[in-house]
Every structure is written in structure tokens, then in C-alpha cells.
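Raw contents of structure_21.csv, CSV, C-alpha atoms:
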chain,number,residue,atom,x,y,z
A,1,MET,CA,74.6,35.5,-144.3
A,2,ILE,CA,72.7,37.5,-141.7
A,3,PHE,CA,69.4,36.1,-142.8
A,4,GLN,CA,70.8,32.6,-142.5
A,5,ILE,CA,71.9,33.2,-138.9
A,6,MET,CA,68.6,34.7,-138.1
A,7,SER,CA,66.8,31.7,-139.5
A,8,ILE,CA,68.9,29.4,-137.3
A,9,PHE,CA,68.4,31.4,-134.2
A,10,GLY,CA,64.8,32.1,-134.9
A,11,LYS,CA,63.9,28.6,-133.9
A,12,ASN,CA,65.1,29.3,-130.4
A,13,ALA,CA,63.9,32.6,-129.0
A,14,VAL,CA,66.4,32.7,-126.1
A,15,MET,CA,69.4,32.2,-128.4
A,16,PHE,CA,68.1,34.7,-130.9
A,17,LYS,CA,67.7,37.3,-128.1
A,18,ILE,CA,71.3,36.6,-126.9
A,19,PHE,CA,72.6,37.0,-130.5
A,20,LYS,CA,70.6,40.2,-130.8
A,21,GLU,CA,72.0,41.6,-127.6
A,22,PHE,CA,75.6,40.7,-128.5
A,23,SER,CA,75.3,42.2,-132.0
A,24,GLY,CA,73.8,45.4,-130.7
A,25,TYR,CA,76.5,45.7,-128.1
A,26,PHE,CA,79.3,45.2,-130.6
A,27,PHE,CA,77.7,47.6,-133.0
A,28,MET,CA,77.6,50.2,-130.2
A,29,LEU,CA,81.3,49.7,-129.5
A,30,ARG,CA,82.1,50.1,-133.2
A,31,LYS,CA,80.2,53.4,-133.3
A,32,THR,CA,81.6,54.6,-130.0
A,33,PHE,CA,85.3,54.1,-130.6
A,34,THR,CA,85.7,56.6,-133.4
A,35,ARG,CA,87.8,59.8,-133.4
A,36,PRO,CA,85.9,62.5,-131.5
A,37,GLN,CA,84.8,65.5,-133.6
A,38,LYS,CA,86.3,68.0,-131.1
A,39,MET,CA,89.1,66.8,-128.8
A,40,LYS,CA,88.6,69.8,-126.5
A,41,ILE,CA,85.0,68.8,-125.8
A,42,PHE,CA,86.0,65.1,-125.4
A,43,PHE,CA,88.7,65.9,-122.8
A,44,ARG,CA,86.3,68.2,-120.9
A,45,ARG,CA,83.7,65.4,-120.7
A,46,PHE,CA,86.4,62.9,-120.0
A,47,PHE,CA,87.5,64.7,-116.8
A,48,GLU,CA,83.9,65.2,-115.8
A,49,GLU,CA,83.4,61.5,-116.0
A,50,VAL,CA,86.7,60.8,-114.1
A,51,GLU,CA,85.3,62.9,-111.2
A,52,ALA,CA,81.8,61.2,-111.4
A,53,ILE,CA,83.2,57.6,-111.7
A,54,GLY,CA,86.4,57.8,-109.7
A,55,LEU,CA,86.5,60.6,-107.2
A,56,ASP,CA,82.9,60.2,-106.1
A,57,SER,CA,83.4,56.5,-105.4
A,58,LEU,CA,86.6,57.0,-103.4
A,59,GLY,CA,84.9,57.2,-100.0
A,60,LEU,CA,82.9,54.0,-100.6
A,61,VAL,CA,86.0,52.1,-101.8
A,62,ALA,CA,88.0,53.3,-98.8
A,63,ILE,CA,85.5,52.3,-96.2
A,64,LEU,CA,84.9,48.9,-97.7
A,65,SER,CA,88.6,48.2,-98.1
A,66,ILE,CA,89.6,49.1,-94.6
A,67,PHE,CA,86.9,47.1,-92.9
A,68,MET,CA,87.3,44.1,-95.2
A,69,GLY,CA,91.0,44.0,-94.5
A,70,GLY,CA,90.3,44.0,-90.8
A,71,VAL,CA,87.7,41.3,-91.2
A,72,ILE,CA,90.0,39.0,-93.2
A,73,LEU,CA,92.8,39.5,-90.6
A,74,ILE,CA,90.4,38.6,-87.7
A,75,GLN,CA,89.0,35.6,-89.4
A,76,SER,CA,92.5,34.4,-90.4
A,77,ALA,CA,93.7,34.8,-86.8
A,78,TYR,CA,90.6,32.8,-85.5
A,79,ASN,CA,91.1,30.0,-88.0
A,80,PHE,CA,95.0,29.8,-87.9
A,81,GLN,CA,95.3,28.8,-84.3
A,82,ASN,CA,97.1,25.5,-85.0
A,83,PRO,CA,100.7,25.8,-83.7
A,84,LEU,CA,101.9,24.1,-86.9
A,85,ILE,CA,100.7,27.1,-89.0
A,86,PRO,CA,103.6,29.5,-89.6
A,87,ALA,CA,103.6,32.9,-87.9
A,88,TYR,CA,103.3,34.8,-91.2
A,89,ALA,CA,100.0,33.1,-92.3
A,90,GLU,CA,97.6,35.8,-91.1
A,91,GLY,CA,99.4,38.7,-92.7
A,92,LEU,CA,100.1,36.8,-95.9
A,93,ALA,CA,96.4,35.7,-96.2
A,94,THR,CA,95.2,39.2,-95.7
A,95,ARG,CA,97.6,40.6,-98.3
A,96,ASP,CA,97.0,38.0,-100.9
A,97,SER,CA,93.2,38.1,-100.4
A,98,MET,CA,93.1,41.8,-101.0
A,99,LEU,CA,95.5,41.8,-104.0
A,100,LEU,CA,94.2,38.7,-105.8
A,101,GLU,CA,90.5,38.9,-105.4
A,102,PHE,CA,88.9,41.4,-103.1
A,103,SER,CA,90.2,44.6,-104.5
A,104,PRO,CA,90.1,43.9,-108.2
A,105,THR,CA,86.9,41.7,-108.3
A,106,ILE,CA,84.7,42.5,-105.3
A,107,ILE,CA,85.3,46.3,-105.5
A,108,SER,CA,84.6,46.1,-109.3
A,109,LEU,CA,81.3,44.4,-108.5
A,110,ILE,CA,80.4,47.0,-106.0
A,111,LEU,CA,81.2,49.7,-108.5
A,112,VAL,CA,78.8,48.0,-110.9
A,113,GLY,CA,76.0,48.8,-108.5
A,114,LYS,CA,77.1,52.4,-108.0
A,115,VAL,CA,78.7,53.5,-111.3
A,116,GLY,CA,77.0,51.1,-113.7
A,117,SER,CA,73.5,51.8,-112.5
A,118,SER,CA,74.3,55.6,-112.6
A,119,ILE,CA,75.5,55.4,-116.2
A,120,ALA,CA,72.5,53.3,-117.3
A,121,SER,CA,70.1,55.6,-115.6
A,122,GLU,CA,71.7,58.8,-117.0
A,123,LEU,CA,71.6,57.5,-120.6
A,124,GLY,CA,68.2,56.0,-120.2
A,125,THR,CA,66.8,59.2,-119.0
A,126,MET,CA,68.4,61.1,-121.9
A,127,ARG,CA,66.9,58.6,-124.3
A,128,VAL,CA,63.3,58.7,-123.0
A,129,THR,CA,63.4,62.5,-122.7
A,130,GLU,CA,64.6,62.7,-126.4
A,131,GLN,CA,67.9,64.5,-125.5
A,132,ILE,CA,69.8,61.9,-127.5
A,133,ASP,CA,67.5,62.5,-130.5
A,134,ALA,CA,68.2,66.2,-130.2
A,135,LEU,CA,72.0,65.5,-130.3
A,136,GLN,CA,71.5,63.5,-133.5
A,137,ILE,CA,69.5,66.3,-135.1
A,138,MET,CA,72.3,68.7,-134.3
A,139,GLY,CA,74.8,66.4,-136.1
A,140,VAL,CA,76.5,65.1,-133.0
A,141,ASP,CA,77.2,61.3,-132.8
A,142,PRO,CA,75.6,60.5,-129.4
A,143,MET,CA,77.5,57.3,-128.9
A,144,ASN,CA,80.9,58.9,-129.4
A,145,TYR,CA,79.9,62.0,-127.5
A,146,LEU,CA,78.2,60.3,-124.5
A,147,ILE,CA,79.6,56.8,-124.2
A,148,LEU,CA,83.3,57.1,-125.2
A,149,PRO,CA,84.2,59.6,-122.3
A,150,LYS,CA,82.5,57.3,-119.8
A,151,VAL,CA,84.3,54.1,-121.0
A,152,MET,CA,87.7,55.8,-121.2
A,153,ALA,CA,87.3,57.5,-117.9
A,154,GLY,CA,86.4,54.2,-116.2
A,155,VAL,CA,89.3,52.4,-117.7
A,156,PHE,CA,91.6,55.2,-116.6
A,157,ILE,CA,90.5,55.9,-113.1
A,158,ILE,CA,89.2,52.6,-111.7
A,159,PRO,CA,92.7,51.0,-111.6
A,160,PHE,CA,93.7,53.9,-109.3
A,161,LEU,CA,90.8,53.1,-107.0
A,162,ILE,CA,91.9,49.4,-106.9
A,163,VAL,CA,95.4,50.3,-106.0
A,164,ILE,CA,94.1,52.5,-103.2
A,165,SER,CA,91.8,49.6,-102.1
A,166,MET,CA,94.8,47.3,-101.9
A,167,PHE,CA,96.7,49.6,-99.7
A,168,LEU,CA,93.8,50.4,-97.4
A,169,GLY,CA,92.8,46.8,-97.1
A,170,VAL,CA,96.3,45.8,-95.9
A,171,TYR,CA,96.3,48.8,-93.6
A,172,GLY,CA,92.9,47.8,-92.3
A,173,GLY,CA,94.4,44.5,-91.3
A,174,TYR,CA,97.1,46.3,-89.5
A,175,LEU,CA,94.5,48.4,-87.6
A,176,ALA,CA,92.6,45.3,-86.7
A,177,SER,CA,95.8,43.7,-85.3
A,178,VAL,CA,96.5,46.8,-83.2
A,179,LEU,CA,93.0,47.5,-82.0
A,180,THR,CA,91.7,44.0,-81.4
A,181,ASP,CA,94.9,42.2,-80.3
A,182,ALA,CA,94.0,39.4,-82.8
A,183,ILE,CA,97.7,39.0,-83.5
A,184,PRO,CA,100.8,41.1,-82.6
A,185,ALA,CA,101.3,44.0,-85.0
A,186,GLY,CA,104.9,42.9,-85.7
A,187,ARG,CA,103.7,39.5,-86.7
A,188,TYR,CA,101.2,41.0,-89.1
A,189,ILE,CA,103.9,43.2,-90.7
A,190,TYR,CA,106.2,40.2,-91.1
A,191,GLY,CA,103.4,38.3,-92.8
A,192,ILE,CA,102.5,41.0,-95.4
A,193,GLN,CA,106.2,41.3,-96.3
A,194,TYR,CA,106.8,37.5,-96.5
A,195,GLY,CA,107.1,36.1,-100.1
A,196,PHE,CA,105.7,39.1,-101.8
A,197,GLU,CA,105.1,38.6,-105.5
A,198,PRO,CA,105.0,41.9,-107.5
A,199,TYR,CA,103.2,40.0,-110.3
A,200,TYR,CA,100.1,39.9,-108.1
A,201,VAL,CA,99.7,43.6,-108.5
A,202,VAL,CA,100.1,43.4,-112.3
A,203,TYR,CA,97.6,40.5,-112.3
A,204,ALA,CA,95.1,42.6,-110.3
A,205,LEU,CA,95.5,45.6,-112.6
A,206,ILE,CA,95.0,43.6,-115.7
A,207,LYS,CA,91.7,42.2,-114.4
A,208,THR,CA,90.7,45.7,-113.2
A,209,VAL,CA,91.1,47.2,-116.7
A,210,VAL,CA,89.0,44.5,-118.2
A,211,PHE,CA,86.3,44.8,-115.5
A,212,ALA,CA,86.3,48.6,-115.8
A,213,PHE,CA,85.7,48.3,-119.6
A,214,ILE,CA,82.9,45.8,-119.0
A,215,LEU,CA,81.0,47.7,-116.3
A,216,THR,CA,81.1,51.0,-118.2
A,217,SER,CA,80.3,49.7,-121.7
A,218,VAL,CA,77.7,47.2,-120.8
A,219,SER,CA,75.9,49.7,-118.6
A,220,ALA,CA,76.1,52.3,-121.3
A,221,TYR,CA,74.6,49.9,-123.8
A,222,HIS,CA,71.6,49.1,-121.7
A,223,GLY,CA,71.0,52.7,-120.9
A,224,TYR,CA,71.4,53.9,-124.4
A,225,LYS,CA,68.9,51.4,-125.9
A,226,THR,CA,66.2,52.2,-123.3
A,227,GLN,CA,62.7,52.7,-124.8
A,228,GLY,CA,59.5,53.9,-123.1
A,229,GLY,CA,59.3,55.9,-120.0
A,230,ALA,CA,60.6,56.1,-116.4
A,231,LEU,CA,59.7,52.5,-115.6
A,232,GLU,CA,61.9,51.3,-118.5
A,233,VAL,CA,64.8,53.5,-117.2
A,234,GLY,CA,64.6,51.5,-113.9
A,235,ARG,CA,64.6,48.2,-115.8
A,236,SER,CA,67.5,49.2,-117.9
A,237,SER,CA,69.5,50.1,-114.8
A,238,THR,CA,68.7,46.7,-113.3
A,239,LYS,CA,69.7,44.9,-116.5
A,240,ALA,CA,72.9,46.9,-116.6
A,241,VAL,CA,73.9,45.7,-113.1
A,242,VAL,CA,72.8,42.1,-113.6
A,243,TYR,CA,74.5,41.7,-117.0
A,244,SER,CA,77.7,43.5,-116.0
A,245,THR,CA,78.0,41.3,-112.9
A,246,ILE,CA,77.5,38.1,-114.9
A,247,VAL,CA,80.1,39.1,-117.5
A,248,ILE,CA,82.6,40.2,-114.9
A,249,ILE,CA,82.3,37.0,-113.0
A,250,PHE,CA,82.8,35.0,-116.2
A,251,PHE,CA,85.9,37.0,-117.2
A,252,ASN,CA,87.2,36.7,-113.7
A,253,LEU,CA,87.3,33.0,-114.1
A,254,VAL,CA,88.8,33.2,-117.6
A,255,LEU,CA,91.5,35.7,-116.6
A,256,THR,CA,92.4,33.9,-113.4
A,257,LYS,CA,92.9,30.7,-115.4
A,258,LEU,CA,95.0,32.5,-118.1
A,259,LEU,CA,97.1,34.8,-115.8
A,260,LEU,CA,97.7,32.4,-112.9
A,261,ASN,CA,98.1,29.2,-114.8
When written as C-alpha cells, how does the structure in this file appear?
Amino acid sequence: MIFQIMSIFGKNAVMFKIFKEFSGYFFMLRKTFTRPQKMKIFFRRFFEEVEAIGLDSLGLVAILSIFMGGVILIQSAYNFQNPLIPAYAEGLATRDSMLLEFSPTIISLILVGKVGSSIASELGTMRVTEQIDALQIMGVDPMNYLILPKVMAGVFIIPFLIVISMFLGVYGGYLASVLTDAIPAGRYIYGIQYGFEPYYVVYALIKTVVFAFILTSVSAYHGYKTQGGALEVGRSSTKAVVYSTIVIIFFNLVLTKLLLN
């Protein structure tokens, strides 16, 4: 069966390359999600990755969210000057923009550049310096030992970052309304309270979990399969960012259609 598939794709180098990448990625996942040999070591590495992926990204997420919330509010106030537009429009637009798209999707794409490239570079460096080979010689499964804590930590901590981003984005809009007099602060508060749908938060968190899994696992895959030297490590990091971004954008479309249909 495998040889038949290879013969079909062999006629098209691009399709064969895509098939090879997908098969390698899913093989990595199968090897990664096995029971850790020592749970104590797994949890130690898990919390180390939580700090590296989540806590070290908190400042960047906070700054981006506050300023983006303020920008959305100012742009909304500038464009919603028609007297027929209701008074709650600016606050509602800021709230829903942060909850539905900016926090779960844009922040995830930004984390691809920070977290994803870091994961790919770390694993790529370990591969070219033969540290991964050393783990195999010692009888340690490198995929389970190195990749599983990163993926689980990303899926665990990134949703917390997104919730913080939502709150700070809405608060950034409030600061903009107070500091710039774009709209009265009371009008903004009324807008963010108007017609609130709790499902929007659930929708955002579902997307976030999927995006967190994608950015950590795809980046780990490209870093793990690095071959060569320092130049290839840089290329693997670039591939990790590019492919993670493409896959996240694709699943953003699919999940939006499924969850908001």
C-alpha cells in the first residue's frame, strides 16, 4: 500500500513532498504521545516549558493587547460618526473584535514568531550538536522527553494568555476613551456590556487550544528533523514559523465556519 501511494505521488514532486511532511509529522505525534517513562521528570519539564512559553510571553501579549484595544476603539469612533449608528457601537466593536479574532488568532500568530521559532531553534540545535542522539543512546525517547512537555505546556498555558489578552484589550479601549476623549467613558462601558454573548469566550478558547497545539507541534517537528549545521537550524526555524502560520490561518477559517455557523 505504501509503495502504491509513493508511486502515485512520485510523479509529482510537490505532492510527494507534502505527503512526506504530513506522514513524518503524524509519525512524530504518534511517538510523542506515549506515557512518559518517569512522571516526575515529565512534570518538572512541563513546568519549565510553562514558564518559557507562557510567563516569558506575558509582557509581549499585554503590551500588544492594550494598544490594539485602544487602536480599535479610536478607529471605531472615527468611522462611527453617523448619528444613525447606536451609541454602543464603539464599545461593542472593540469587545467583539478582541474576543472573536484579535486575541485568539492574532496573538497566536505572534506567539508563533516568538514561541514557535524558539522551539524549532532549541530542538534544531540539539539535533545538530548530537544531543538528541545522546538521549537515544541512553535509552531515552527524545520525542516523548523533549516534545511532549512543550506541546502540553503550550496547550495548557496559552489559553490563559488569551484570556488576559481579552481583558487587557477591552481595558485598552477604556484607557483610549479616557485619555483621548474619542468617546465618553460611560458610553464605552455601556457598549462593552451591551448584548454580551458568553459563547464568544468559549469560541475563542476552543480556537486557542487548537492553535496552541499547532504552533508547538509543528515547530517541534521542524526543529526535530533538522539536519546539517547552524544554517539549517535557521532554516528550520523559518519553516516552523511559515508552516505554523499557514496551518493556523487554515484552521481559523474552518473553526470559524463550524463554531459560528
Give me the stretch 122-203 of chain A side of the contact with stretch 26-35 of chain A, cut-off 9 Å, one line per residue showing its nearest atom pair and distance in Å at one decimal, counting all atoms listed in the file, sorted by chain and residue number, as a Markdown table.
| residue | atom | partner | partner_atom | distance |
| --- | --- | --- | --- | --- |
| A:Asp141 | CA | A:Lys31 | CA | 8.5 |
| A:Pro142 | CA | A:Thr32 | CA | 8.4 |
| A:Met143 | CA | A:Thr32 | CA | 5.0 |
| A:Asn144 | CA | A:Thr32 | CA | 4.4 |
| A:Tyr145 | CA | A:Thr32 | CA | 8.0 |
| A:Leu146 | CA | A:Thr32 | CA | 8.6 |
| A:Ile147 | CA | A:Thr32 | CA | 6.5 |
| A:Leu148 | CA | A:Thr32 | CA | 5.7 |
Might you pull out every residue within 12 Å of A:Pro198, with only C-alpha atoms counted and same-chain residues fewer than 6 positions away left off, and present them as a PDB file with C-alpha atoms, keeping the file's coordinate frame?
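File produced: out19.pdb:
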ATOM      1  CA  ARG A  95      97.600  40.600 -98.300  1.00  0.00           C
ATOM      2  CA  ASP A  96      97.000  38.000-100.900  1.00  0.00           C
ATOM      3  CA  LEU A  99      95.500  41.800-104.000  1.00  0.00           C
ATOM      4  CA  LEU A 100      94.200  38.700-105.800  1.00  0.00           C
ATOM      5  CA  ALA A 204      95.100  42.600-110.300  1.00  0.00           C
ATOM      6  CA  LEU A 205      95.500  45.600-112.600  1.00  0.00           C
TER       7      LEU A 205
END
### Task
List the neighbours of A:Pro184 out to 12 Å using all atoms listed in the file; skip same-chain residues closer than 3 positions along the sequence, and give me the result as a ChimeraX atom specification.
/A:73-74,77,87-88,90-91,173-181,187-191
#### Entry: Nearest residue to A:Ile164 from the set A:Val233, A:Glu130, A:Ala182, A:Ile66 (distances using only C-alpha atoms)
A:Ile66
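When all atoms listed in the file are used to compute distances to A:Gly69, the closest of the residues A:Gly234, A:Gly169, A:Gly195, A:Gly154 turns out to be A:Gly169.
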### Query
Between atom CA of A:Gly172 and atom CA of A:Glu101, what is the distance, to one decimal in Å?
16.0 Å
Return as CSV the residues of stretch 88-204 of chain A lying at most 12 Å from stretch 236-251 of chain A, together with the closest atom-to-atom pair for each and the distance in Å to one decimal, counting all atoms listed in the file, with rows in chain order and ascending residue number.
residue,atom,partner,partner_atom,distance
A:Glu101,CA,A:Ile249,CA,11.3
A:Pro104,CA,A:Ile248,CA,10.7
A:Thr105,CA,A:Ile248,CA,8.0
A:Ile106,CA,A:Ile249,CA,9.8
A:Ile107,CA,A:Ile248,CA,11.5
A:Ser108,CA,A:Ile248,CA,8.4
A:Leu109,CA,A:Thr245,CA,6.3
A:Ile110,CA,A:Thr245,CA,9.3
A:Leu111,CA,A:Val241,CA,9.5
A:Val112,CA,A:Val241,CA,5.8
A:Gly113,CA,A:Val241,CA,5.9
A:Lys114,CA,A:Val241,CA,9.0
A:Val115,CA,A:Val241,CA,9.3
A:Gly116,CA,A:Val241,CA,6.3
A:Ser117,CA,A:Ser237,CA,4.9
A:Ser118,CA,A:Ser237,CA,7.6
A:Ile119,CA,A:Ser237,CA,8.1
A:Ala120,CA,A:Ser237,CA,5.0
A:Ser121,CA,A:Ser237,CA,5.6
A:Glu122,CA,A:Ser237,CA,9.2
A:Leu123,CA,A:Ser237,CA,9.6
A:Gly124,CA,A:Ser236,CA,7.2
A:Thr125,CA,A:Ser236,CA,10.1
A:Arg127,CA,A:Ser236,CA,11.4
A:Val128,CA,A:Ser236,CA,11.6
Using the selection just defined, write its residues with C-alpha atoms as a JSON list (two decimals), keeping the file's coordinate frame.
[["chain", "number", "residue", "atom", "x", "y", "z"],
["A", 101, "GLU", "CA", 90.50, 38.90, -105.40],
["A", 104, "PRO", "CA", 90.10, 43.90, -108.20],
["A", 105, "THR", "CA", 86.90, 41.70, -108.30],
["A", 106, "ILE", "CA", 84.70, 42.50, -105.30],
["A", 107, "ILE", "CA", 85.30, 46.30, -105.50],
["A", 108, "SER", "CA", 84.60, 46.10, -109.30],
["A", 109, "LEU", "CA", 81.30, 44.40, -108.50],
["A", 110, "ILE", "CA", 80.40, 47.00, -106.00],
["A", 111, "LEU", "CA", 81.20, 49.70, -108.50],
["A", 112, "VAL", "CA", 78.80, 48.00, -110.90],
["A", 113, "GLY", "CA", 76.00, 48.80, -108.50],
["A", 114, "LYS", "CA", 77.10, 52.40, -108.00],
["A", 115, "VAL", "CA", 78.70, 53.50, -111.30],
["A", 116, "GLY", "CA", 77.00, 51.10, -113.70],
["A", 117, "SER", "CA", 73.50, 51.80, -112.50],
["A", 118, "SER", "CA", 74.30, 55.60, -112.60],
["A", 119, "ILE", "CA", 75.50, 55.40, -116.20],
["A", 120, "ALA", "CA", 72.50, 53.30, -117.30],
["A", 121, "SER", "CA", 70.10, 55.60, -115.60],
["A", 122, "GLU", "CA", 71.70, 58.80, -117.00],
["A", 123, "LEU", "CA", 71.60, 57.50, -120.60],
["A", 124, "GLY", "CA", 68.20, 56.00, -120.20],
["A", 125, "THR", "CA", 66.80, 59.20, -119.00],
["A", 127, "ARG", "CA", 66.90, 58.60, -124.30],
["A", 128, "VAL", "CA", 63.30, 58.70, -123.00]]
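Closest to A:Asp56 among A:Phe43, A:Leu161, A:Phe16, A:Met152 is A:Leu161, based on all atoms listed in the file.
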#### Entry: Shell around A:Gly24 at 12 Å using all atoms listed in the file, local window under 3 positions removed, as a PyMOL selection string
chain A and resi 17-21+27-31+217-218+220-222+224-225
File dump, residues just selected, C-alpha atoms, as an mmCIF file, keeping the file's coordinate frame:
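Produced file again.cif, reproduced below:
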data_model
loop_
_atom_site.group_PDB
_atom_site.id
_atom_site.type_symbol
_atom_site.label_atom_id
_atom_site.label_comp_id
_atom_site.auth_asym_id
_atom_site.auth_seq_id
_atom_site.Cartn_x
_atom_site.Cartn_y
_atom_site.Cartn_z
ATOM 1 C CA LYS A 17 67.700 37.300 -128.100
ATOM 2 C CA ILE A 18 71.300 36.600 -126.900
ATOM 3 C CA PHE A 19 72.600 37.000 -130.500
ATOM 4 C CA LYS A 20 70.600 40.200 -130.800
ATOM 5 C CA GLU A 21 72.000 41.600 -127.600
ATOM 6 C CA PHE A 27 77.700 47.600 -133.000
ATOM 7 C CA MET A 28 77.600 50.200 -130.200
ATOM 8 C CA LEU A 29 81.300 49.700 -129.500
ATOM 9 C CA ARG A 30 82.100 50.100 -133.200
ATOM 10 C CA LYS A 31 80.200 53.400 -133.300
ATOM 11 C CA SER A 217 80.300 49.700 -121.700
ATOM 12 C CA VAL A 218 77.700 47.200 -120.800
ATOM 13 C CA ALA A 220 76.100 52.300 -121.300
ATOM 14 C CA TYR A 221 74.600 49.900 -123.800
ATOM 15 C CA HIS A 222 71.600 49.100 -121.700
ATOM 16 C CA TYR A 224 71.400 53.900 -124.400
ATOM 17 C CA LYS A 225 68.900 51.400 -125.900
#
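Across the model, the gap from atom CA of A:Ser165 to atom CA of A:Ala62 is 6.2 Å.
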### Shell around A:Phe47 at 12 Å using only C-alpha atoms, local window under 6 positions removed, as a list in words
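Everything that qualifies: Lys40, Ile41, Ile53, Gly54, Leu55, Pro149, Lys150, Val151, Met152, Ala153, Gly154, Phe156 and Ile157 of chain A.
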Output the selection as a PDB file, in the coordinates of the input - C-alpha atoms for each residue.
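Written out: selection.pdb:
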ATOM      1  CA  LYS A  40      88.600  69.800-126.500  1.00  0.00           C
ATOM      2  CA  ILE A  41      85.000  68.800-125.800  1.00  0.00           C
ATOM      3  CA  ILE A  53      83.200  57.600-111.700  1.00  0.00           C
ATOM      4  CA  GLY A  54      86.400  57.800-109.700  1.00  0.00           C
ATOM      5  CA  LEU A  55      86.500  60.600-107.200  1.00  0.00           C
ATOM      6  CA  PRO A 149      84.200  59.600-122.300  1.00  0.00           C
ATOM      7  CA  LYS A 150      82.500  57.300-119.800  1.00  0.00           C
ATOM      8  CA  VAL A 151      84.300  54.100-121.000  1.00  0.00           C
ATOM      9  CA  MET A 152      87.700  55.800-121.200  1.00  0.00           C
ATOM     10  CA  ALA A 153      87.300  57.500-117.900  1.00  0.00           C
ATOM     11  CA  GLY A 154      86.400  54.200-116.200  1.00  0.00           C
ATOM     12  CA  PHE A 156      91.600  55.200-116.600  1.00  0.00           C
ATOM     13  CA  ILE A 157      90.500  55.900-113.100  1.00  0.00           C
TER      14      ILE A 157
END
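Separating atom CA of A:Pro159 from atom CA of A:Leu255 is a distance of 16.1 Å.
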